[in-house]
Amino acid sequence: MNAIYQKLVLGRIQNAVQKARDIDSITHPGMKGRIREIVIGDILRPMLPSDVGVATGKIITFDGRESRQQDVLIYDRQILPPFLFETEGLFSIESVLYTIEVKSRLTRHELITSIRNAEELSGFPYLPGKYDEFDKPVDHDILKVMPAIFAFDSDLVGDKESEIDRYCNVAGSRTTPIGAICVVSKGYWYWNENEKS
């Protein structure tokens, strides 16, 4: 990566993280959480192509299901534009690429909640994207929503257990509902072909 580009990106991230830390004294948890969600959007938005958006809202399906409120959604406008209401919206599941749960501090309890939310999304149905000449759906791989976690801090101390170790202990033998975990100043972990990285 170009050194100047890398410095600009790192500077933007450090600035956003500092903004998130500057609001620690706000006592209203909803307001603090929303500001942190906006900060994450501000980090991501400039790094994405123009047809990919960042917002907050709920995921909806063709059969009437509705997700919980998602902190941050990354979606593809070309697939199907959302219904936006100022800063929030309703997003067809077929257009959503990632959901990101934003945590002030990642704890075991918060991790369990995030896994449950991701498992709920994994059960949502998708419309087929391909049809044959008779207008019948064609079987094909569907790229599903990837749930992720972004935390500004963690309650883990020392080197005995990493976030991915804790995640594996909590998730157990279940399939991997969370695709990536990022904790500021601790690390970034993602799943690739059944391998943790």
# chains A, B, ... in the order shown; residues from 1 in each chain; ligands from 1
$ select_by_dssp --residues "range 4-175 of chain A" --states "strand (DSSP E or B)" --output "PyMOL selection string"
chain A and resi 52-60+66+70-76+83-85+88-92+96-103+106+131+137+146-151+154
$ write_last_selection --atoms "N, CA and C atoms" --output "tab-separated table (two decimals), in the first residue's frame"
chain	number	residue	atom	x	y	z
A	52	VAL	N	-21.95	1.38	-2.80
A	52	VAL	CA	-22.09	0.70	-1.51
A	52	VAL	C	-22.32	1.75	-0.44
A	53	GLY	N	-23.40	1.59	0.34
A	53	GLY	CA	-23.76	2.57	1.35
A	53	GLY	C	-23.56	2.06	2.76
A	54	VAL	N	-23.55	3.00	3.71
A	54	VAL	CA	-23.44	2.70	5.13
A	54	VAL	C	-24.58	3.40	5.83
A	55	ALA	N	-25.32	2.68	6.65
A	55	ALA	CA	-26.48	3.27	7.34
A	55	ALA	C	-26.79	2.45	8.58
A	56	THR	N	-27.91	2.76	9.19
A	56	THR	CA	-28.43	1.98	10.32
A	56	THR	C	-29.89	1.69	10.03
A	57	GLY	N	-30.41	0.64	10.62
A	57	GLY	CA	-31.82	0.33	10.38
A	57	GLY	C	-32.12	-1.13	10.61
A	58	LYS	N	-33.18	-1.60	9.93
A	58	LYS	CA	-33.63	-2.98	10.07
A	58	LYS	C	-33.58	-3.68	8.72
A	59	ILE	N	-33.32	-4.97	8.78
A	59	ILE	CA	-33.33	-5.81	7.58
A	59	ILE	C	-34.71	-6.43	7.45
A	60	ILE	N	-35.25	-6.41	6.23
A	60	ILE	CA	-36.58	-6.99	5.99
A	60	ILE	C	-36.47	-8.07	4.91
A	66	GLU	N	-38.60	-9.20	9.98
A	66	GLU	CA	-37.91	-7.94	10.27
A	66	GLU	C	-36.87	-8.20	11.36
A	70	GLN	N	-30.17	-2.77	13.52
A	70	GLN	CA	-28.76	-3.04	13.24
A	70	GLN	C	-27.97	-1.75	13.44
A	71	ASP	N	-26.87	-1.82	14.19
A	71	ASP	CA	-26.07	-0.63	14.46
A	71	ASP	C	-25.54	-0.02	13.17
A	72	VAL	N	-24.87	-0.85	12.37
A	72	VAL	CA	-24.31	-0.39	11.09
A	72	VAL	C	-24.62	-1.44	10.03
A	73	LEU	N	-25.11	-0.98	8.89
A	73	LEU	CA	-25.36	-1.86	7.75
A	73	LEU	C	-24.52	-1.38	6.58
A	74	ILE	N	-23.88	-2.31	5.90
A	74	ILE	CA	-23.21	-1.99	4.64
A	74	ILE	C	-24.03	-2.69	3.56
A	75	TYR	N	-24.50	-1.91	2.59
A	75	TYR	CA	-25.45	-2.45	1.61
A	75	TYR	C	-25.08	-2.01	0.20
A	76	ASP	N	-25.57	-2.76	-0.77
A	76	ASP	CA	-25.31	-2.49	-2.18
A	76	ASP	C	-26.55	-1.83	-2.79
A	83	PHE	N	-35.38	1.81	1.83
A	83	PHE	CA	-36.33	2.86	2.17
A	83	PHE	C	-35.70	3.62	3.33
A	84	LEU	N	-35.22	4.83	3.06
A	84	LEU	CA	-34.54	5.61	4.09
A	84	LEU	C	-35.47	6.64	4.69
A	85	PHE	N	-35.39	6.78	6.01
A	85	PHE	CA	-36.12	7.79	6.76
A	85	PHE	C	-35.08	8.59	7.52
A	88	GLU	N	-32.12	6.53	9.21
A	88	GLU	CA	-32.39	5.11	9.39
A	88	GLU	C	-33.20	4.59	8.21
A	89	GLY	N	-33.24	3.27	8.06
A	89	GLY	CA	-33.97	2.74	6.93
A	89	GLY	C	-34.35	1.28	7.08
A	90	LEU	N	-35.07	0.81	6.07
A	90	LEU	CA	-35.42	-0.60	5.93
A	90	LEU	C	-34.66	-1.12	4.72
A	91	PHE	N	-33.99	-2.26	4.90
A	91	PHE	CA	-33.08	-2.78	3.89
A	91	PHE	C	-33.47	-4.21	3.53
A	92	SER	N	-33.71	-4.45	2.26
A	92	SER	CA	-33.97	-5.81	1.79
A	92	SER	C	-32.74	-6.67	2.07
A	96	VAL	N	-28.05	-6.41	1.57
A	96	VAL	CA	-27.16	-6.16	2.70
A	96	VAL	C	-25.92	-7.06	2.60
A	97	LEU	N	-24.75	-6.43	2.70
A	97	LEU	CA	-23.49	-7.16	2.62
A	97	LEU	C	-22.97	-7.52	4.01
A	98	TYR	N	-22.97	-6.55	4.93
A	98	TYR	CA	-22.48	-6.73	6.30
A	98	TYR	C	-23.42	-6.06	7.28
A	99	THR	N	-23.48	-6.62	8.48
A	99	THR	CA	-24.03	-5.92	9.64
A	99	THR	C	-22.89	-5.82	10.64
A	100	ILE	N	-22.80	-4.69	11.30
A	100	ILE	CA	-21.75	-4.51	12.30
A	100	ILE	C	-22.39	-4.08	13.61
A	101	GLU	N	-22.21	-4.90	14.63
A	101	GLU	CA	-22.65	-4.51	15.97
A	101	GLU	C	-21.51	-3.71	16.60
A	102	VAL	N	-21.83	-2.52	17.07
A	102	VAL	CA	-20.83	-1.64	17.66
A	102	VAL	C	-20.95	-1.73	19.18
A	103	LYS	N	-19.83	-2.06	19.83
A	103	LYS	CA	-19.80	-2.22	21.28
A	103	LYS	C	-18.81	-1.24	21.90
A	106	LEU	N	-16.47	-4.94	24.70
A	106	LEU	CA	-16.88	-6.31	24.41
A	106	LEU	C	-16.69	-7.17	25.64
A	131	TYR	N	-33.22	-16.66	-12.57
A	131	TYR	CA	-34.40	-17.38	-13.05
A	131	TYR	C	-34.09	-17.94	-14.44
A	137	PRO	N	-37.07	-20.21	-10.49
A	137	PRO	CA	-35.79	-19.95	-9.82
A	137	PRO	C	-34.74	-21.00	-10.18
A	146	MET	N	-22.94	-10.89	6.16
A	146	MET	CA	-21.88	-11.28	7.09
A	146	MET	C	-21.98	-10.42	8.35
A	147	PRO	N	-22.40	-10.99	9.47
A	147	PRO	CA	-22.40	-10.23	10.73
A	147	PRO	C	-20.98	-10.05	11.26
A	148	ALA	N	-20.70	-8.87	11.80
A	148	ALA	CA	-19.39	-8.57	12.36
A	148	ALA	C	-19.58	-7.77	13.65
A	149	ILE	N	-18.52	-7.71	14.44
A	149	ILE	CA	-18.51	-6.95	15.69
A	149	ILE	C	-17.35	-5.96	15.65
A	150	PHE	N	-17.62	-4.73	16.03
A	150	PHE	CA	-16.57	-3.72	16.21
A	150	PHE	C	-16.69	-3.20	17.63
A	151	ALA	N	-15.62	-3.34	18.42
A	151	ALA	CA	-15.63	-2.89	19.81
A	151	ALA	C	-14.51	-1.89	20.04
A	154	SER	N	-12.33	-4.00	25.34
A	154	SER	CA	-12.67	-5.36	25.73
A	154	SER	C	-12.39	-5.53	27.22
$ residues_around --residues "range 157-167 of chain A" --least-positions-apart "5" --cutoff "10 Å" --atoms "only C-alpha atoms" --output "list in words"
Leu106, Thr107, Arg108, Leu111, Ile112, Ile115, Gly172, Thr176, Ile178, Ala180, Ile181, Cys182, Val183, Lys186, Gly187, Tyr188, Trp189, Tyr190, Trp191, Lys196 and Ser197 of chain A
$ write_last_selection --atoms "C-alpha atoms" --output "PDB file, in the first residue's frame"
ATOM      1  CA  LEU A 106     -16.881  -6.307  24.408  1.00  0.00           C
ATOM      2  CA  THR A 107     -17.775  -8.716  27.216  1.00  0.00           C
ATOM      3  CA  ARG A 108     -18.823 -12.357  27.276  1.00  0.00           C
ATOM      4  CA  LEU A 111     -20.603 -11.593  22.623  1.00  0.00           C
ATOM      5  CA  ILE A 112     -23.417 -14.051  23.430  1.00  0.00           C
ATOM      6  CA  ILE A 115     -24.054 -14.440  18.336  1.00  0.00           C
ATOM      7  CA  GLY A 172     -18.960 -23.967  20.761  1.00  0.00           C
ATOM      8  CA  THR A 176     -19.859 -19.572  12.738  1.00  0.00           C
ATOM      9  CA  ILE A 178     -20.013 -13.950  13.234  1.00  0.00           C
ATOM     10  CA  ALA A 180     -15.285 -10.877  11.815  1.00  0.00           C
ATOM     11  CA  ILE A 181     -14.389  -9.279  15.145  1.00  0.00           C
ATOM     12  CA  CYS A 182     -12.389  -6.074  15.533  1.00  0.00           C
ATOM     13  CA  VAL A 183     -11.373  -4.650  18.907  1.00  0.00           C
ATOM     14  CA  LYS A 186      -6.370  -5.538  20.436  1.00  0.00           C
ATOM     15  CA  GLY A 187      -6.775  -7.081  17.006  1.00  0.00           C
ATOM     16  CA  TYR A 188      -8.902  -8.159  14.063  1.00  0.00           C
ATOM     17  CA  TRP A 189     -10.077 -11.733  13.534  1.00  0.00           C
ATOM     18  CA  TYR A 190     -12.083 -13.180  10.675  1.00  0.00           C
ATOM     19  CA  TRP A 191     -13.279 -16.576   9.485  1.00  0.00           C
ATOM     20  CA  LYS A 196      -9.875 -18.537  12.133  1.00  0.00           C
ATOM     21  CA  SER A 197      -7.351 -15.877  11.141  1.00  0.00           C
TER      22      SER A 197
END
$ closest_residue --among "A:Gln18, A:Asn2, A:Gln78, A:Ser104" --to "Ser50 in chain A" --atoms "only C-alpha atoms"
A:Gln78
$ residues_around --residues "Glu120 in chain A" --least-positions-apart "5" --cutoff "10 Å" --atoms "only C-alpha atoms" --output "short mmCIF file (atom, residue, chain, number, x, y, z; two decimals) with N, CA and C atoms, in the first residue's frame"
data_model
loop_
_atom_site.label_atom_id
_atom_site.label_comp_id
_atom_site.auth_asym_id
_atom_site.auth_seq_id
_atom_site.Cartn_x
_atom_site.Cartn_y
_atom_site.Cartn_z
N SER A 67 -35.65 -7.75 11.12
CA SER A 67 -34.58 -7.97 12.08
C SER A 67 -34.68 -6.98 13.24
N ARG A 68 -33.85 -7.21 14.23
CA ARG A 68 -33.64 -6.20 15.26
C ARG A 68 -32.96 -4.99 14.61
N SER A 114 -24.53 -10.90 20.59
CA SER A 114 -24.19 -10.72 19.17
C SER A 114 -24.33 -12.03 18.40
N ILE A 115 -23.93 -13.13 18.99
CA ILE A 115 -24.05 -14.44 18.34
C ILE A 115 -25.52 -14.77 18.13
N PRO A 177 -21.59 -17.89 13.16
CA PRO A 177 -22.50 -16.83 12.72
C PRO A 177 -21.82 -15.46 12.58
#
$ select_by_dssp --residues "chain A" --states "alpha helix (DSSP H)" --output "PyMOL selection string"
chain A and resi 3-22+29-44+108-122+163-171
$ closest_residue --among "A:Ala171, A:Ile26, A:Val17, A:Ile93" --to "Thr61 in chain A" --atoms "only C-alpha atoms"
A:Ile93
$ closest_residue --among "A:Ile43, A:Leu156, A:Lys32, A:Gly64" --to "Gly11 in chain A" --atoms "only C-alpha atoms"
A:Ile43
$ atom_distance --atom1 "CA of Glu110 in chain A" --atom2 "CA of Val170 in chain A"
10.9 Å
$ residues_around --residues "Tyr126 in chain A" --least-positions-apart "2" --cutoff "7 Å" --atoms "only C-alpha atoms" --output "PyMOL selection string"
chain A and resi 93-94+124+128
$ write_last_selection --atoms "C-alpha atoms" --output "PDB file, in the first residue's frame"
ATOM      1  CA  ILE A  93     -31.815  -8.704   2.993  1.00  0.00           C
ATOM      2  CA  GLU A  94     -30.677  -9.383  -0.565  1.00  0.00           C
ATOM      3  CA  PHE A 124     -33.826 -15.298   7.197  1.00  0.00           C
ATOM      4  CA  PRO A 128     -33.442 -16.197  -5.698  1.00  0.00           C
TER       5      PRO A 128
END
$ atom_distance --atom1 "CA of Leu127 in chain A" --atom2 "CA of Phe62 in chain A"
7.2 Å
